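This is model-v4.cif (mmCIF, C-alpha atoms).
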data_start
#
loop_
_atom_site.group_PDB
_atom_site.id
_atom_site.type_symbol
_atom_site.label_atom_id
_atom_site.label_comp_id
_atom_site.auth_asym_id
_atom_site.auth_seq_id
_atom_site.Cartn_x
_atom_site.Cartn_y
_atom_site.Cartn_z
ATOM 1 C CA MET A 331 83.275 63.532 298.828
ATOM 2 C CA ARG A 332 82.761 63.308 302.590
ATOM 3 C CA MET A 333 80.150 60.639 301.956
ATOM 4 C CA ASN A 334 82.760 58.436 300.191
ATOM 5 C CA ILE A 335 85.097 58.638 303.205
ATOM 6 C CA ALA A 336 82.227 57.997 305.612
ATOM 7 C CA ALA A 337 81.041 55.050 303.531
ATOM 8 C CA ALA A 338 84.559 53.613 303.440
ATOM 9 C CA LEU A 339 84.911 53.965 307.219
ATOM 10 C CA THR A 340 81.489 52.400 307.814
ATOM 11 C CA ALA A 341 82.357 49.518 305.500
ATOM 12 C CA GLY A 342 85.660 49.135 307.323
ATOM 13 C CA THR A 343 83.926 49.034 310.682
ATOM 14 C CA ILE A 344 81.535 46.341 309.447
ATOM 15 C CA LEU A 345 84.396 44.270 308.032
ATOM 16 C CA VAL A 346 86.342 44.602 311.277
ATOM 17 C CA SER A 347 83.278 43.536 313.220
ATOM 18 C CA LEU A 348 82.705 40.561 310.944
ATOM 19 C CA ALA A 349 86.360 39.680 310.995
ATOM 20 C CA GLY A 350 86.276 39.796 314.800
ATOM 21 C CA CYS A 351 83.633 37.067 314.721
ATOM 22 C CA SER A 352 85.765 34.756 312.622
ATOM 23 C CA ALA A 353 88.480 32.446 313.817
ATOM 24 C CA ALA A 354 91.357 34.374 312.191
ATOM 25 C CA PRO A 355 92.142 37.510 314.224
ATOM 26 C CA GLU A 356 95.173 38.238 312.014
ATOM 27 C CA SER A 357 92.970 38.699 308.921
ATOM 28 C CA ALA A 358 90.749 41.129 310.836
ATOM 29 C CA THR A 359 93.777 43.262 311.640
ATOM 30 C CA THR A 360 94.937 43.078 308.028
ATOM 31 C CA SER A 361 91.461 44.065 306.753
ATOM 32 C CA ALA A 362 91.244 46.947 309.195
ATOM 33 C CA THR A 363 94.720 48.160 308.150
ATOM 34 C CA GLN A 364 93.813 47.911 304.466
ATOM 35 C CA ILE A 365 90.572 49.842 305.038
ATOM 36 C CA THR A 366 92.371 52.525 307.059
ATOM 37 C CA THR A 367 95.039 52.848 304.342
ATOM 38 C CA SER A 368 92.340 52.934 301.677
ATOM 39 C CA ALA A 369 90.450 55.658 303.572
ATOM 40 C CA GLU A 370 93.669 57.724 303.943
ATOM 41 C CA GLU A 371 94.457 57.337 300.209
ATOM 42 C CA THR A 372 90.874 58.359 299.383
ATOM 43 C CA SER A 373 91.206 61.360 301.655
ATOM 44 C CA GLU A 374 94.531 62.374 300.022
ATOM 45 C CA MET A 375 93.094 61.871 296.526
ATOM 46 C CA THR A 376 90.032 63.920 297.490
ATOM 47 C CA THR A 377 92.239 66.727 298.824
ATOM 48 C CA GLU A 378 94.301 66.668 295.612
ATOM 49 C CA ASN A 379 91.118 66.769 293.509
ATOM 50 C CA ILE A 380 89.717 69.673 295.530
ATOM 51 C CA THR A 381 93.008 71.586 295.227
ATOM 52 C CA ALA A 382 93.250 70.912 291.463
ATOM 53 C CA THR A 383 89.629 71.964 290.988
ATOM 54 C CA ALA A 384 90.138 75.155 293.007
ATOM 55 C CA ILE A 385 93.265 76.062 291.011
ATOM 56 C CA SER A 386 91.475 75.371 287.742
ATOM 57 C CA GLU A 387 88.448 77.486 288.728
ATOM 58 C CA THR A 388 90.701 80.321 289.926
ATOM 59 C CA SER A 389 92.596 80.292 286.619
ATOM 60 C CA GLU A 390 89.351 80.357 284.636
ATOM 61 C CA THR A 391 88.000 83.245 286.735
ATOM 62 C CA THR A 392 91.239 85.207 286.292
ATOM 63 C CA ALA A 393 91.186 84.625 282.517
ATOM 64 C CA GLN A 394 87.547 85.743 282.336
ATOM 65 C CA THR A 395 88.297 88.875 284.385
ATOM 66 C CA GLU A 396 91.255 89.784 282.156
ATOM 67 C CA GLU A 397 89.138 89.251 279.042
ATOM 68 C CA THR A 398 86.369 91.452 280.462
ATOM 69 C CA THR A 399 88.879 94.188 281.331
ATOM 70 C CA THR A 400 90.363 94.086 277.841
ATOM 71 C CA VAL A 401 86.969 94.260 276.182
ATOM 72 C CA THR A 402 85.921 97.122 278.446
ATOM 73 C CA GLU A 403 89.025 99.169 277.534
ATOM 74 C CA ALA A 404 88.484 98.543 273.846
ATOM 75 C CA GLU A 405 84.816 99.525 274.046
ATOM 76 C CA ILE A 406 85.459 102.947 275.571
ATOM 77 C CA SER A 407 84.105 105.366 273.025
ATOM 78 C CA MET A 408 85.527 108.809 272.455
ATOM 79 C CA THR A 409 83.478 111.701 271.148
ATOM 80 C CA LEU A 410 84.677 114.718 269.192
ATOM 81 C CA LYS A 411 83.007 118.112 269.158
ATOM 82 C CA ILE A 412 84.010 120.819 266.747
ATOM 83 C CA GLY A 413 82.801 123.974 268.412
ATOM 84 C CA GLU A 414 79.420 122.917 269.811
ATOM 85 C CA ARG A 415 78.735 120.307 267.127
ATOM 86 C CA GLU A 416 79.383 116.658 267.941
ATOM 87 C CA VAL A 417 80.647 114.780 264.897
ATOM 88 C CA GLN A 418 80.689 111.053 264.266
ATOM 89 C CA VAL A 419 84.215 109.605 264.114
ATOM 90 C CA THR A 420 85.500 106.145 263.294
ATOM 91 C CA TRP A 421 88.587 105.850 265.504
ATOM 92 C CA GLU A 422 91.639 103.744 264.671
ATOM 93 C CA ASP A 423 92.602 100.859 266.965
ATOM 94 C CA ASN A 424 96.147 101.848 267.962
ATOM 95 C CA ASP A 425 98.261 103.015 270.906
ATOM 96 C CA SER A 426 97.941 106.665 269.900
ATOM 97 C CA VAL A 427 94.146 106.550 270.154
ATOM 98 C CA ASP A 428 94.405 104.666 273.475
ATOM 99 C CA ASP A 429 96.629 107.461 274.832
ATOM 100 C CA LEU A 430 94.255 110.084 273.462
ATOM 101 C CA LYS A 431 91.332 108.365 275.217
ATOM 102 C CA LYS A 432 93.222 108.559 278.521
ATOM 103 C CA LEU A 433 93.725 112.294 278.040
ATOM 104 C CA ALA A 434 90.107 112.734 276.968
ATOM 105 C CA ALA A 435 88.840 110.947 280.100
ATOM 106 C CA SER A 436 89.020 114.257 281.984
ATOM 107 C CA GLY A 437 87.960 116.292 278.951
ATOM 108 C CA LEU A 438 90.465 117.612 276.434
ATOM 109 C CA THR A 439 89.876 120.943 274.718
ATOM 110 C CA ILE A 440 92.256 121.955 271.935
ATOM 111 C CA LYS A 441 92.389 125.360 270.267
ATOM 112 C CA MET A 442 92.963 124.694 266.591
ATOM 113 C CA SER A 443 94.442 126.974 263.927
ATOM 114 C CA MET A 444 93.794 126.938 260.216
ATOM 115 C CA TYR A 445 96.816 125.986 258.181
ATOM 116 C CA GLY A 446 97.398 125.828 254.432
ATOM 117 C CA GLY A 447 93.735 126.148 253.513
ATOM 118 C CA PHE A 448 93.152 122.404 254.011
ATOM 119 C CA GLU A 449 93.593 121.573 257.715
ATOM 120 C CA GLN A 450 93.162 122.637 261.316
ATOM 121 C CA VAL A 451 96.105 121.983 263.687
ATOM 122 C CA GLY A 452 96.265 122.137 267.485
ATOM 123 C CA PRO A 453 98.562 121.087 270.345
ATOM 124 C CA ILE A 454 97.516 118.167 272.547
ATOM 125 C CA GLY A 455 99.638 119.488 275.397
ATOM 126 C CA GLN A 456 101.964 116.501 275.642
ATOM 127 C CA SER A 457 103.476 113.781 273.474
ATOM 128 C CA ILE A 458 101.622 110.503 273.042
ATOM 129 C CA ALA A 459 102.474 107.196 271.354
ATOM 130 C CA ARG A 460 103.063 107.533 267.649
ATOM 131 C CA ASP A 461 103.731 105.337 264.655
ATOM 132 C CA ASP A 462 104.312 107.824 261.845
ATOM 133 C CA GLU A 463 104.252 106.788 258.220
ATOM 134 C CA GLN A 464 104.085 108.657 254.928
ATOM 135 C CA ILE A 465 100.389 108.928 254.064
ATOM 136 C CA ALA A 466 98.122 110.930 251.800
ATOM 137 C CA THR A 467 95.250 112.375 253.793
ATOM 138 C CA ALA A 468 91.712 113.049 252.648
ATOM 139 C CA PRO A 469 88.919 115.282 253.960
ATOM 140 C CA GLY A 470 87.773 114.041 257.366
ATOM 141 C CA ASP A 471 91.068 112.399 258.333
ATOM 142 C CA ILE A 472 92.255 112.985 261.892
ATOM 143 C CA VAL A 473 95.982 112.423 262.384
ATOM 144 C CA LEU A 474 98.731 112.898 264.933
ATOM 145 C CA TYR A 475 101.580 115.124 263.799
ATOM 146 C CA SER A 476 104.965 115.111 265.531
ATOM 147 C CA GLY A 477 103.542 113.123 268.469
ATOM 148 C CA ASP A 478 101.949 116.142 270.147
ATOM 149 C CA GLN A 479 99.606 117.825 267.663
ATOM 150 C CA ILE A 480 96.265 116.790 266.309
ATOM 151 C CA VAL A 481 95.353 117.641 262.730
ATOM 152 C CA VAL A 482 91.854 117.550 261.249
ATOM 153 C CA PHE A 483 91.637 117.736 257.455
ATOM 154 C CA TYR A 484 88.961 119.328 255.303
ATOM 155 C CA GLY A 485 91.289 119.071 252.278
ATOM 156 C CA SER A 486 94.190 116.731 251.616
ATOM 157 C CA ASN A 487 97.941 116.583 252.154
ATOM 158 C CA SER A 488 100.801 114.090 252.096
ATOM 159 C CA TRP A 489 103.188 113.838 255.059
ATOM 160 C CA GLU A 490 104.351 111.564 257.869
ATOM 161 C CA TYR A 491 101.505 111.148 260.323
ATOM 162 C CA THR A 492 99.936 108.594 262.646
ATOM 163 C CA ARG A 493 96.310 107.883 261.763
ATOM 164 C CA LEU A 494 93.814 108.542 264.570
ATOM 165 C CA GLY A 495 90.423 108.438 262.902
ATOM 166 C CA LYS A 496 88.040 109.631 260.229
ATOM 167 C CA ILE A 497 85.127 112.067 260.568
ATOM 168 C CA ASN A 498 82.068 110.679 258.806
ATOM 169 C CA MET A 499 80.971 113.807 256.905
ATOM 170 C CA SER A 500 81.054 115.034 253.326
ATOM 171 C CA GLU A 501 83.844 117.296 252.090
ATOM 172 C CA ASP A 502 81.399 120.214 251.752
ATOM 173 C CA GLU A 503 80.196 119.806 255.355
ATOM 174 C CA LEU A 504 83.795 119.609 256.597
ATOM 175 C CA THR A 505 84.823 122.730 254.640
ATOM 176 C CA GLU A 506 81.871 124.647 256.065
ATOM 177 C CA LEU A 507 82.706 123.477 259.596
ATOM 178 C CA LEU A 508 86.518 123.848 259.460
ATOM 179 C CA GLY A 509 87.317 126.241 256.621
ATOM 180 C CA ASN A 510 85.965 129.509 258.013
ATOM 181 C CA GLY A 511 88.467 130.362 260.750
ATOM 182 C CA ASP A 512 90.064 128.794 263.809
ATOM 183 C CA VAL A 513 87.954 126.329 265.811
ATOM 184 C CA THR A 514 88.069 124.603 269.165
ATOM 185 C CA ILE A 515 87.693 120.832 269.413
ATOM 186 C CA THR A 516 86.742 118.878 272.501
ATOM 187 C CA LEU A 517 87.476 115.206 273.063
ATOM 188 C CA SER A 518 85.689 113.260 275.789
ATOM 189 C CA VAL A 519 84.973 109.640 276.633
ATOM 190 C CA GLU A 520 81.654 108.033 277.477
#
Taking this structure as input, can you express it in the form of structure tokens?
Amino acid sequence: MRMNIAAALTAGTILVSLAGCSAAPESATTSATQITTSAEETSEMTTENITATAISETSETTAQTEETTTVTEAEISMTLKIGEREVQVTWEDNDSVDDLKKLAASGLTIKMSMYGGFEQVGPIGQSIARDDEQIATAPGDIVLYSGDQIVVFYGSNSWEYTRLGKINMSEDELTELLGNGDVTITLSVE
């Protein structure tokens, strides 16, 4: 871009020199004025182009950074241990799970209690986002009850809950793991 301005000034100098050799001094002044004006317009246009380019690149960088941040938050994985056994869970994509991940970031241990012969229930310690709906649960379902309790099913029930996830185990494995007394679960993030 600097080369264009320099080239225009050099061309202007040559034209002024040539015009100075001719018999019409007025046309030399006019040519020099036109070249100077042209160089100023080029300089202004170049400044506008640089500014527009910088704004465009800044916007693109900001959009890419926001996209990366969003992806990173979504990719945070949360693990669940029942006692000492880590179990594989498919977590829901909702605000409740996002809040649970924040709590689990510093490690969250919950003492669970057997209830009704089909579930383990334990307090989270605070209320988190919830979107309760009437659902029928199945073995392996993990739900939020009343906004502040986590429930893990090894049987089934029907009530208003917010879905959190599903443990990927058979009903027999879940009954063996959860159906023989109170347990402790630990949530953590990687």
Hits from the PyMOL selection byres ((chain A and resi 433) around 12), listed as a ChimeraX atom specification: /A:408,426-432,434-440,454-458,516-519
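When the distance limit is 6 Å and only C-alpha atoms are what count, the residues near A:Ser486, minus those fewer than 6 positions from it on the same chain, are A:Thr467, A:Ala468, A:Pro469.
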Contact residues around A:Met499 with only C-alpha atoms at 10 Å, ignoring same-chain residues under 6 positions, as a ChimeraX atom specification: /A:417-419,469-470,484,505
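The protein and nucleic acid residues lying at most 12 Å from A:Ser476 are Ser426, Val451, Gly452, Pro453, Ile454, Gln456, Ser457, Ile458, Ala459, Arg460, Asp461, Asp462, Glu463, Trp489, Glu490, Tyr491, Thr492 and Arg493 of chain A, with all atoms listed in the file considered and sequence neighbours fewer than 6 positions away removed.
The gap separating atom CA of A:Arg415 from atom CA of A:Val473 is 19.5 Å, in Å to one decimal.
Atom CA of A:Asp425 is positioned 29.4 Å from atom CA of A:Gly509.
Summary of the local environment: counting only C-alpha atoms, residues at most 6 Å from A:Asp471, other than itself and those fewer than 4 positions away along its chain, are Val482, Phe483 and Lys496 of chain A.
In this structure, atom CA of A:Ile406 sits 11.4 Å away from atom CA of A:Asp423.
Minimum distance to A:Asn510 across A:Gly447, A:Ile465, A:Trp421, A:Ser407 (counting all atoms listed in the file) occurs at A:Gly447.
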Put a box with edges along x, y and z around all the listed atoms of stretch 498-507 of chain A, pad it by 4 Å on each side, then give me its centre and sizes in Å, one decimal, as lines of an AutoDock Vina configuration file.
center_x = 82.5
center_y = 117.7
center_z = 255.7
size_x = 12.6
size_y = 22.0
size_z = 15.8
Selected residue, from A:Thr409, A:Phe448, A:Lys441, A:Ile497, that lies nearest to A:Gly485 when counting all atoms listed in the file: A:Phe448
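Near A:Leu507, within a cut-off of 9 Å and counting only C-alpha atoms, sit the residues A:Ile412, A:Gly413, A:Tyr484, A:Asp502, A:Val513, with same-chain residues fewer than 5 positions away left out.
In terms of minimum interatomic distance to A:Gly446, A:Asn487 ranks closest within A:Gln464, A:Asn487, A:Asn424, A:Asn498, counting all atoms listed in the file.
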All heavy atoms modelled onto stretch 505-516 of chain A, as an mmCIF file, keeping the file's coordinate frame:
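Saved file rebuild-v2.cif follows:
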data_model
loop_
_atom_site.group_PDB
_atom_site.id
_atom_site.type_symbol
_atom_site.label_atom_id
_atom_site.label_comp_id
_atom_site.auth_asym_id
_atom_site.auth_seq_id
_atom_site.Cartn_x
_atom_site.Cartn_y
_atom_site.Cartn_z
ATOM 1 N N THR A 505 84.311 121.413 255.031
ATOM 2 C CA THR A 505 84.823 122.730 254.640
ATOM 3 C C THR A 505 84.023 123.825 255.327
ATOM 4 O O THR A 505 84.600 124.807 255.827
ATOM 5 C CB THR A 505 84.777 122.900 253.105
ATOM 6 O OG1 THR A 505 85.583 121.878 252.509
ATOM 7 C CG2 THR A 505 85.297 124.265 252.678
ATOM 8 N N GLU A 506 82.720 123.662 255.386
ATOM 9 C CA GLU A 506 81.871 124.647 256.065
ATOM 10 C C GLU A 506 82.193 124.707 257.560
ATOM 11 O O GLU A 506 82.255 125.786 258.146
ATOM 12 C CB GLU A 506 80.392 124.277 255.865
ATOM 13 C CG GLU A 506 79.436 125.284 256.469
ATOM 14 C CD GLU A 506 77.987 124.896 256.226
ATOM 15 O OE1 GLU A 506 77.662 124.435 255.109
ATOM 16 O OE2 GLU A 506 77.196 125.042 257.167
ATOM 17 N N LEU A 507 82.445 123.561 258.161
ATOM 18 C CA LEU A 507 82.706 123.477 259.596
ATOM 19 C C LEU A 507 84.123 123.923 259.972
ATOM 20 O O LEU A 507 84.327 124.574 260.994
ATOM 21 C CB LEU A 507 82.470 122.026 260.058
ATOM 22 C CG LEU A 507 82.394 121.751 261.539
ATOM 23 C CD1 LEU A 507 81.275 122.536 262.211
ATOM 24 C CD2 LEU A 507 82.164 120.249 261.762
ATOM 25 N N LEU A 508 85.109 123.610 259.119
ATOM 26 C CA LEU A 508 86.518 123.848 259.460
ATOM 27 C C LEU A 508 87.199 124.944 258.648
ATOM 28 O O LEU A 508 88.272 125.414 259.027
ATOM 29 C CB LEU A 508 87.318 122.541 259.286
ATOM 30 C CG LEU A 508 86.901 121.362 260.152
ATOM 31 C CD1 LEU A 508 87.592 120.080 259.689
ATOM 32 C CD2 LEU A 508 87.221 121.636 261.608
ATOM 33 N N GLY A 509 86.635 125.335 257.542
ATOM 34 C CA GLY A 509 87.317 126.241 256.621
ATOM 35 C C GLY A 509 87.008 127.711 256.777
ATOM 36 O O GLY A 509 87.376 128.514 255.917
ATOM 37 N N ASN A 510 86.351 128.101 257.856
ATOM 38 C CA ASN A 510 85.965 129.509 258.013
ATOM 39 C C ASN A 510 86.595 130.163 259.242
ATOM 40 O O ASN A 510 85.985 131.008 259.881
ATOM 41 C CB ASN A 510 84.435 129.628 258.104
ATOM 42 C CG ASN A 510 83.773 129.199 256.811
ATOM 43 O OD1 ASN A 510 84.186 129.626 255.737
ATOM 44 N ND2 ASN A 510 82.777 128.351 256.909
ATOM 45 N N GLY A 511 87.795 129.769 259.594
ATOM 46 C CA GLY A 511 88.467 130.362 260.750
ATOM 47 C C GLY A 511 88.824 129.299 261.779
ATOM 48 O O GLY A 511 88.426 128.134 261.682
ATOM 49 N N ASP A 512 89.609 129.717 262.768
ATOM 50 C CA ASP A 512 90.064 128.794 263.809
ATOM 51 C C ASP A 512 88.869 128.228 264.584
ATOM 52 O O ASP A 512 87.852 128.911 264.764
ATOM 53 C CB ASP A 512 91.004 129.519 264.775
ATOM 54 C CG ASP A 512 92.280 129.998 264.095
ATOM 55 O OD1 ASP A 512 92.537 129.595 262.936
ATOM 56 O OD2 ASP A 512 93.009 130.786 264.717
ATOM 57 N N VAL A 513 89.017 126.992 265.047
ATOM 58 C CA VAL A 513 87.954 126.329 265.811
ATOM 59 C C VAL A 513 88.561 125.743 267.097
ATOM 60 O O VAL A 513 89.773 125.699 267.271
ATOM 61 C CB VAL A 513 87.285 125.185 265.000
ATOM 62 C CG1 VAL A 513 86.606 125.732 263.762
ATOM 63 C CG2 VAL A 513 88.274 124.086 264.652
ATOM 64 N N THR A 514 87.677 125.309 267.964
ATOM 65 C CA THR A 514 88.069 124.603 269.165
ATOM 66 C C THR A 514 87.458 123.213 269.085
ATOM 67 O O THR A 514 86.268 123.082 268.738
ATOM 68 C CB THR A 514 87.574 125.325 270.442
ATOM 69 O OG1 THR A 514 88.159 126.628 270.466
ATOM 70 C CG2 THR A 514 87.952 124.576 271.694
ATOM 71 N N ILE A 515 88.249 122.191 269.374
ATOM 72 C CA ILE A 515 87.693 120.832 269.413
ATOM 73 C C ILE A 515 87.754 120.322 270.852
ATOM 74 O O ILE A 515 88.625 120.721 271.628
ATOM 75 C CB ILE A 515 88.416 119.863 268.451
ATOM 76 C CG1 ILE A 515 89.872 119.616 268.862
ATOM 77 C CG2 ILE A 515 88.325 120.345 267.009
ATOM 78 C CD1 ILE A 515 90.533 118.468 268.101
ATOM 79 N N THR A 516 86.802 119.480 271.177
ATOM 80 C CA THR A 516 86.742 118.878 272.501
ATOM 81 C C THR A 516 86.633 117.379 272.347
ATOM 82 O O THR A 516 85.781 116.875 271.607
ATOM 83 C CB THR A 516 85.524 119.402 273.290
ATOM 84 O OG1 THR A 516 85.570 120.834 273.314
ATOM 85 C CG2 THR A 516 85.519 118.871 274.715
#
